[in-house]
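Reading through the structure tokens given below for one structure.
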Amino acid sequence: MNINKIYLLSVLAVLSLSSCVESNEPGFELDTDSIEIDAAGGQVRVMLESPDSWVAKTQNPWITVTPANGIGSTECTIMIDSALSVSPREGLVRIERLGSGERKDIKLHQDGFDYQIAARTNTVSLKSYAPLDERYFDVVVDANLPFTVEIPEKDRVWLSCSVPELVLDRGARPRSVTVRFSWDLNFTQDPRATKVELKPLASESPVALTKGVAVSQAAADAIEIGVKGDSLALIAISQALDCWASFDTSERMEHWNGVTVWKSGPNKGRVRSAAFKLFSTKEGLPFQVKYLTAAEELTFFGNSNTFLKNLDPGEHICELTQLKRLNISAYGLVSLPESFTRLKNLEYLNLSSNNFASLPAILTPENFPKLHSLILNANQRHVYYDLSNTVTKDLGGFIDESDTDESQNRSFPLRLLRWSQLDTLVLSVNYLQGSIPELSDNPDFPKWTAEEVNACDTLPSRLIGLPKVLPNTTLFTMNLNRLSGTLPDWLLYHPCLDLWVPDALVFPQEGKDQKGNNCGFTNEPANLDYYYKEYVNKKYNPKNMQTSR
């Protein structure tokens with residue numbers, strides 16, 4: 001081989017090697033030149049090939065590229081913020097090769113937001129019962145329009161909600177708020193369901209995509225009237241009230257604490273009386289009380305929330321028209337439902353230690369013709385000696401009772417004094433104010449007649465012509481109220497005054513009324529000597545007792 005051929009082959013080899021090296025160098029390329037993304041935004045990865053240094057630029061503040069510069073091939077992340085309007089928008093990312101000035105563009109298209117009011121949870125299933133503090137559910141709503149929650153009117157008795165303020169501080173970008181729904185017990189044997197709609201607040205708002213909530217609630221557990229039903233009702237009531245002590249269900253119901261049953265007759269084995277004591281509830285009596293249809297007596301005493309709540313016993317107790325004795329004391333009551341008047345057979349009613357600011361209007365002899373014992377003592381929510389020196393509201397204690405006399409001064413509530421069939425009326429430790437009415441000229445009160453007095457050897461002639469007030473009441477207390485003025489003769493010479501223990505349970509008052517007047521009676525007797533001078537034949541006359549010895 002001659003030298004020329006060797007030289008030629010060498011040149012060809014060098015050229016060939018040079019060609020191979022050039023073909024292995026990367027070009028300046030992107031794997032995409034356009035990006036389309038929805039209104040929510042996000043991240044898109046783009047592969048960049050470059051033989052040398054490069055830099056990425058954009059004039060759109062809602063677009064970020066990372067890394068923004070580099071050397072050689074790199075995977076870049078393009079981050080797109082969520083949109084701020086309902087209209088789409090366009091953007092551009094430009095990548096420039098620093099050595100040569102060569103450029104590559106990526107065009108971006110982002111959709112705008114649709115108008116929307118959408119619940120993230122669209123179906124909710126509820127139990128028929130849960131404790132009060134658990135009787136709610138939360139629904140997160142994404143919206144870019146002010147909205148209202150619409151519950152069908154027929155379902156608002158058991159379902160309600162509170163809607164927080166929606167702050168639209170990012171244009172059309174939806175914001176999230178939590179709507180809290182509160183629900184009530186289902187005490188019927190039928191399940192119930194409703195559809196809650198989410199609607200734009202303004203009628204002229206643009207058409208929006210809306211997603212409401214379908215709410216369903218299970219029916220109450222069936223409780224049949226009878227012995228078994230009574231036991232189930234007692235357990236359910238105890239649980240609903242959150243009683244501190246539970247029934248020992250390993251024993252027969254007749255041995256349960258506070259429960260008595262009928263020993264014979266058509267209701268044999270069923271609950272005759274039941275007492276629920278020391279519990280913690282924030283609502284009225286549980287609906288299961290309505291199943292105790294054989295009970296004559298029920299007691300509910302000792303709610304830990306007594307002075308914190310303004311409660312009503314509710315409608316369910318009013319279905320027990322057979323009740324004779326009812327005690328709802330230290331519960332937190334401030335009112336009675338109108339249907340309470342269905343309890344026509346009540347003989348004994350104890351509403352002591354509640355929070356009544358005034359006597360329930362339904363408490364009249366006409367509404368409760370068989371009632372003979374009415375207990376209304378200790379209804380003070382807060383204790384204040386001087387009522388003129390406090391701005392505290394909701395004091396209870398019948399402080400709002402506003403009967404007035406001829407001079408428009410407060411007086412003792414007349415409707416209680418008209419209740420002639422009562423043998424027990426207890427009103428101690430309240431905020432009753434004003435004077436005790438004299439009643440001589442009041443036609444609602446008959447007078448003691450000579451015939452009545454002469455027919456009974458213990459009645460004195462001093463009674464003749466006096467108003468006949470609470471003639472059958474053998475226990476009457478009104479001590480430690482804010483009463484004042486003079487004691488009327490009908491009270492000072494009442495046939496049962498000595499039985500009332502007046503020096504302890506009638507005459508003593510305390511503090512000042514709302515006008516700043518000192519309370520107490522100006523003619524309060526020091527003893528009952530004056531009384532026994534008239535009632536000479538009384539069994540408890542001290543002279544008679546001395547003679548008998």
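Chain labels follow the order of the structure tokens: the first chain is A, the next B, and so on; residue numbering restarts at 1 in every chain, and ligands are counted from 1 in their shown order.
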For this session: Pick out each residue of stretch 232-470 of chain A that DSSP on the backbone tags as strand (DSSP E or B); I need them as number ranges by chain.
Result: A: 259-261, 271-279, 297-303, 311, 325-329, 333, 348-350, 373-375, 380, 386, 396, 404, 410-411, 424-426, 433-435, 447, 467
For this session: Assign secondary structure with DSSP using the backbone only, and return the residues of stretch 33-232 of chain A in helix (DSSP H, G or I) as JSON, numbers by chain.
Result: {"A": [132, 133, 134, 153, 154, 155, 227, 228, 229, 230, 231, 232]}
Output N, CA, C and O atoms for every residue in the selection just made, as a JSON list (two decimals), in the first residue's frame.
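Ended up saving to selection28.json:
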```json
[["chain", "number", "residue", "atom", "x", "y", "z"],
["A", 132, "LEU", "N", -78.05, 14.49, 72.58],
["A", 132, "LEU", "CA", -78.19, 15.84, 72.03],
["A", 132, "LEU", "C", -76.87, 16.36, 71.45],
["A", 132, "LEU", "O", -76.85, 16.95, 70.37],
["A", 133, "ASP", "N", -75.76, 16.14, 72.15],
["A", 133, "ASP", "CA", -74.48, 16.67, 71.70],
["A", 133, "ASP", "C", -73.97, 16.00, 70.43],
["A", 133, "ASP", "O", -73.02, 16.48, 69.81],
["A", 134, "GLU", "N", -74.57, 14.89, 70.05],
["A", 134, "GLU", "CA", -74.16, 14.18, 68.84],
["A", 134, "GLU", "C", -75.17, 14.33, 67.71],
["A", 134, "GLU", "O", -75.02, 13.72, 66.65],
["A", 153, "GLU", "N", -90.12, 23.13, 53.91],
["A", 153, "GLU", "CA", -90.78, 23.64, 55.11],
["A", 153, "GLU", "C", -91.28, 22.53, 56.02],
["A", 153, "GLU", "O", -91.17, 22.62, 57.25],
["A", 154, "LYS", "N", -91.81, 21.46, 55.46],
["A", 154, "LYS", "CA", -92.35, 20.37, 56.28],
["A", 154, "LYS", "C", -91.28, 19.65, 57.09],
["A", 154, "LYS", "O", -91.58, 18.97, 58.07],
["A", 155, "ASP", "N", -90.02, 19.79, 56.67],
["A", 155, "ASP", "CA", -88.93, 19.09, 57.35],
["A", 155, "ASP", "C", -88.15, 19.99, 58.30],
["A", 155, "ASP", "O", -87.21, 19.53, 58.97],
["A", 227, "VAL", "N", -96.05, -4.80, 79.28],
["A", 227, "VAL", "CA", -94.99, -4.95, 80.29],
["A", 227, "VAL", "C", -93.62, -4.82, 79.65],
["A", 227, "VAL", "O", -92.75, -4.08, 80.13],
["A", 228, "LYS", "N", -93.40, -5.55, 78.54],
["A", 228, "LYS", "CA", -92.11, -5.47, 77.86],
["A", 228, "LYS", "C", -91.84, -4.06, 77.35],
["A", 228, "LYS", "O", -90.73, -3.54, 77.49],
["A", 229, "GLY", "N", -92.88, -3.44, 76.78],
["A", 229, "GLY", "CA", -92.73, -2.07, 76.29],
["A", 229, "GLY", "C", -92.40, -1.10, 77.39],
["A", 229, "GLY", "O", -91.59, -0.18, 77.21],
["A", 230, "ASP", "N", -92.99, -1.29, 78.58],
["A", 230, "ASP", "CA", -92.69, -0.42, 79.71],
["A", 230, "ASP", "C", -91.22, -0.53, 80.11],
["A", 230, "ASP", "O", -90.56, 0.48, 80.40],
["A", 231, "SER", "N", -90.69, -1.75, 80.14],
["A", 231, "SER", "CA", -89.28, -1.92, 80.53],
["A", 231, "SER", "C", -88.36, -1.27, 79.50],
["A", 231, "SER", "O", -87.37, -0.61, 79.88],
["A", 232, "LEU", "N", -88.68, -1.42, 78.22],
["A", 232, "LEU", "CA", -87.87, -0.78, 77.19],
["A", 232, "LEU", "C", -87.95, 0.74, 77.29],
["A", 232, "LEU", "O", -86.96, 1.44, 77.11]]
```
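Omitting A:Gly70 and its sequence neighbours fewer than 5 positions away, and counting only C-alpha atoms, the residues within 7 Å are A:Ser53, A:Trp54, A:Val55.
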Residue selection dump (N, CA, C and O atoms) as a PDB file, in the first residue's frame:
```pdb
ATOM      1  N   SER A  53     -26.234  25.611  28.321  1.00  0.00           N
ATOM      2  CA  SER A  53     -27.020  26.366  29.304  1.00  0.00           C
ATOM      3  C   SER A  53     -28.314  26.906  28.694  1.00  0.00           C
ATOM      4  O   SER A  53     -28.356  27.276  27.511  1.00  0.00           O
ATOM      5  N   TRP A  54     -29.328  27.002  29.559  1.00  0.00           N
ATOM      6  CA  TRP A  54     -30.621  27.525  29.124  1.00  0.00           C
ATOM      7  C   TRP A  54     -31.293  28.242  30.287  1.00  0.00           C
ATOM      8  O   TRP A  54     -30.930  28.080  31.448  1.00  0.00           O
ATOM      9  N   VAL A  55     -32.335  29.038  29.986  1.00  0.00           N
ATOM     10  CA  VAL A  55     -33.120  29.733  31.004  1.00  0.00           C
ATOM     11  C   VAL A  55     -34.573  29.730  30.579  1.00  0.00           C
ATOM     12  O   VAL A  55     -34.882  29.822  29.394  1.00  0.00           O
TER      13      VAL A  55
END
```
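Close contacts of A:Lys211, defined as residues with an atom at most 12 Å away when counting only C-alpha atoms, with chain neighbours fewer than 5 positions off set aside, comprise Tyr115, Gln116, Ile117, Ala118, Ala119, Arg120, Thr121, Asn122, Thr123, Val139, Val140, Val141, Asp142, Ala143, Phe147, Val149, Lys195, Val196, Glu197, Leu198, Lys199 and Pro200 of chain A.
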Problem set entry | Surrounding residues of A:Gly99 excluding itself and chain neighbours under 4 positions, 12 Å, only C-alpha atoms, as a list in words | Phe28, Ser50, Pro51, Asp52, Ser53, Trp54, Val55, Ile71, Gly72 and Arg103 of chain A
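Between A:Thr522 and the residues A:Leu466, A:Leu168, A:Ile436, A:Ala240, the shortest atom-to-atom distance, using only C-alpha atoms, involves A:Ile436.
Checking A:Phe368, A:Phe113, A:Phe307, A:Phe181 one by one against A:Arg135, counting only C-alpha atoms, you find the shortest gap at A:Phe181.
Closest approach to A:Thr390 among A:Thr148, A:Ser176, A:Gln514, A:Asn544 is made by A:Gln514 (distances from only C-alpha atoms).
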For this session: Identify, on the basis of only C-alpha atoms, every residue whose closest approach to A:Ile317 does not exceed 9 Å; exclude the query and any residue fewer than 4 positions from it along the same chain; express the result as a VMD selection string.
Result: chain A and resid 285 to 290 313 321 340 343
Export of prior selection with N, CA, C and O atoms as a short mmCIF file (atom, residue, chain, number, x, y, z; two decimals), in the first residue's frame:
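Result went into part.cif, see below:
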```
data_model
loop_
_atom_site.label_atom_id
_atom_site.label_comp_id
_atom_site.auth_asym_id
_atom_site.auth_seq_id
_atom_site.Cartn_x
_atom_site.Cartn_y
_atom_site.Cartn_z
N LEU A 285 -88.57 16.30 78.27
CA LEU A 285 -88.70 14.89 78.63
C LEU A 285 -88.62 14.00 77.40
O LEU A 285 -89.20 14.34 76.35
N PRO A 286 -87.93 12.87 77.47
CA PRO A 286 -87.79 11.98 76.32
C PRO A 286 -89.15 11.51 75.81
O PRO A 286 -90.09 11.32 76.59
N PHE A 287 -89.21 11.27 74.50
CA PHE A 287 -90.50 10.90 73.90
C PHE A 287 -90.99 9.54 74.39
O PHE A 287 -92.17 9.23 74.34
N GLN A 288 -90.08 8.69 74.91
CA GLN A 288 -90.51 7.36 75.34
C GLN A 288 -91.45 7.39 76.54
O GLN A 288 -92.07 6.36 76.85
N VAL A 289 -91.57 8.56 77.20
CA VAL A 289 -92.51 8.61 78.33
C VAL A 289 -93.93 8.32 77.89
O VAL A 289 -94.75 7.84 78.67
N LYS A 290 -94.24 8.59 76.64
CA LYS A 290 -95.62 8.42 76.16
C LYS A 290 -96.06 6.97 76.16
O LYS A 290 -97.26 6.67 76.08
N PRO A 313 -91.19 20.89 79.19
CA PRO A 313 -91.23 19.42 79.28
C PRO A 313 -91.57 18.74 77.96
O PRO A 313 -91.28 17.56 77.78
N THR A 321 -102.75 10.90 79.91
CA THR A 321 -103.91 11.54 80.54
C THR A 321 -104.38 10.81 81.79
O THR A 321 -105.24 11.32 82.51
N PHE A 340 -100.45 20.64 77.96
CA PHE A 340 -100.35 20.18 79.35
C PHE A 340 -101.73 20.11 79.99
O PHE A 340 -101.94 19.35 80.94
N LEU A 343 -103.83 16.88 80.94
CA LEU A 343 -103.64 16.07 82.15
C LEU A 343 -104.72 16.40 83.18
O LEU A 343 -104.44 16.86 84.30
#
```
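Every protein, DNA or RNA residue with an atom at most 7 Å from A:Trp262, where only C-alpha atoms count and chain neighbours fewer than 5 positions away do not, is listed here: Asn267, Lys268, Gly269, Arg270, Val271 and Arg272 of chain A.
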Taking all heavy atoms for each residue, export the selection above as an mmCIF file, in the first residue's frame.
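again32.cif, freshly written:
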```cif
data_model
loop_
_atom_site.group_PDB
_atom_site.id
_atom_site.type_symbol
_atom_site.label_atom_id
_atom_site.label_comp_id
_atom_site.auth_asym_id
_atom_site.auth_seq_id
_atom_site.Cartn_x
_atom_site.Cartn_y
_atom_site.Cartn_z
ATOM 1 N N ASN A 267 -103.772 -3.964 84.168
ATOM 2 C CA ASN A 267 -102.400 -3.498 83.940
ATOM 3 C C ASN A 267 -101.381 -4.260 84.777
ATOM 4 O O ASN A 267 -100.254 -3.777 84.976
ATOM 5 C CB ASN A 267 -102.298 -2.001 84.271
ATOM 6 C CG ASN A 267 -103.049 -1.147 83.275
ATOM 7 O OD1 ASN A 267 -103.020 -1.407 82.081
ATOM 8 N ND2 ASN A 267 -103.739 -0.130 83.784
ATOM 9 N N LYS A 268 -101.727 -5.428 85.226
ATOM 10 C CA LYS A 268 -100.848 -6.203 86.095
ATOM 11 C C LYS A 268 -99.456 -6.342 85.466
ATOM 12 O O LYS A 268 -99.311 -6.708 84.304
ATOM 13 C CB LYS A 268 -101.440 -7.586 86.340
ATOM 14 C CG LYS A 268 -100.600 -8.433 87.295
ATOM 15 C CD LYS A 268 -101.249 -9.791 87.545
ATOM 16 C CE LYS A 268 -100.382 -10.621 88.505
ATOM 17 N NZ LYS A 268 -100.993 -11.962 88.770
ATOM 18 N N GLY A 269 -98.437 -6.027 86.268
ATOM 19 C CA GLY A 269 -97.058 -6.127 85.807
ATOM 20 C C GLY A 269 -96.524 -4.885 85.138
ATOM 21 O O GLY A 269 -95.315 -4.758 84.946
ATOM 22 N N ARG A 270 -97.411 -3.974 84.771
ATOM 23 C CA ARG A 270 -96.977 -2.749 84.100
ATOM 24 C C ARG A 270 -96.569 -1.681 85.132
ATOM 25 O O ARG A 270 -96.881 -1.788 86.321
ATOM 26 C CB ARG A 270 -98.078 -2.202 83.194
ATOM 27 C CG ARG A 270 -98.418 -3.105 82.013
ATOM 28 C CD ARG A 270 -99.200 -2.360 80.977
ATOM 29 N NE ARG A 270 -98.400 -1.259 80.417
ATOM 30 C CZ ARG A 270 -98.911 -0.282 79.680
ATOM 31 N NH1 ARG A 270 -100.210 -0.235 79.440
ATOM 32 N NH2 ARG A 270 -98.119 0.662 79.200
ATOM 33 N N VAL A 271 -95.889 -0.642 84.666
ATOM 34 C CA VAL A 271 -95.388 0.411 85.555
ATOM 35 C C VAL A 271 -96.550 1.213 86.135
ATOM 36 O O VAL A 271 -97.381 1.750 85.391
ATOM 37 C CB VAL A 271 -94.432 1.345 84.797
ATOM 38 C CG1 VAL A 271 -94.080 2.561 85.655
ATOM 39 C CG2 VAL A 271 -93.166 0.603 84.395
ATOM 40 N N ARG A 272 -96.561 1.285 87.463
ATOM 41 C CA ARG A 272 -97.537 2.130 88.146
ATOM 42 C C ARG A 272 -96.915 3.476 88.516
ATOM 43 O O ARG A 272 -97.564 4.508 88.430
ATOM 44 C CB ARG A 272 -98.044 1.427 89.402
ATOM 45 C CG ARG A 272 -99.137 2.202 90.131
ATOM 46 C CD ARG A 272 -99.749 1.384 91.247
ATOM 47 N NE ARG A 272 -100.891 2.054 91.846
ATOM 48 C CZ ARG A 272 -101.684 1.515 92.763
ATOM 49 N NH1 ARG A 272 -101.448 0.279 93.205
ATOM 50 N NH2 ARG A 272 -102.704 2.201 93.242
#
```
Counting only C-alpha atoms, which residues of stretch 413-475 of chain A sit at most 10 Å from some atom of stretch 485-495 of chain A, and what is each one's closest atom pair with its distance in Å to one decimal, listed by chain and rising residue number, as a Markdown table?
```
| residue | atom | partner | partner_atom | distance |
| --- | --- | --- | --- | --- |
| A:Gly434 | CA | A:Gly485 | CA | 7.2 |
| A:Ser435 | CA | A:Gly485 | CA | 5.1 |
| A:Ile436 | CA | A:Leu487 | CA | 6.4 |
| A:Pro437 | CA | A:Pro488 | CA | 6.9 |
| A:Glu438 | CA | A:Pro488 | CA | 5.1 |
| A:Leu439 | CA | A:Trp490 | CA | 8.3 |
| A:Ser440 | CA | A:Trp490 | CA | 8.7 |
| A:Lys447 | CA | A:Trp490 | CA | 9.8 |
| A:Trp448 | CA | A:Trp490 | CA | 9.9 |
| A:Thr458 | CA | A:Pro495 | CA | 8.5 |
| A:Leu459 | CA | A:Pro495 | CA | 7.0 |
| A:Pro460 | CA | A:Pro495 | CA | 8.9 |
| A:Arg462 | CA | A:Tyr493 | CA | 7.8 |
| A:Leu463 | CA | A:Tyr493 | CA | 7.0 |
| A:Gly465 | CA | A:Trp490 | CA | 9.6 |
| A:Leu466 | CA | A:Trp490 | CA | 5.8 |
| A:Pro467 | CA | A:Trp490 | CA | 6.0 |
| A:Lys468 | CA | A:Trp490 | CA | 7.2 |
| A:Val469 | CA | A:Trp490 | CA | 7.0 |
| A:Leu470 | CA | A:His494 | CA | 8.8 |
| A:Pro471 | CA | A:Pro495 | CA | 7.7 |
| A:Asn472 | CA | A:Pro495 | CA | 9.2 |
| A:Thr473 | CA | A:Pro495 | CA | 9.3 |
| A:Thr474 | CA | A:Pro495 | CA | 8.9 |
```
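From atom CA of A:Gln322 back to atom CA of A:Lys263, the distance works out to 17.5 Å.
Among the candidates A:Ile151, A:Val391, A:Met47, A:Leu363, the residue lying nearest to A:Leu30 is A:Met47 (atoms considered: only C-alpha atoms).
If you measure from each of A:Leu84, A:Leu417, A:Ala378, A:Ala130 to A:Gln239 using only C-alpha atoms, the closest one turns out to be A:Ala130.
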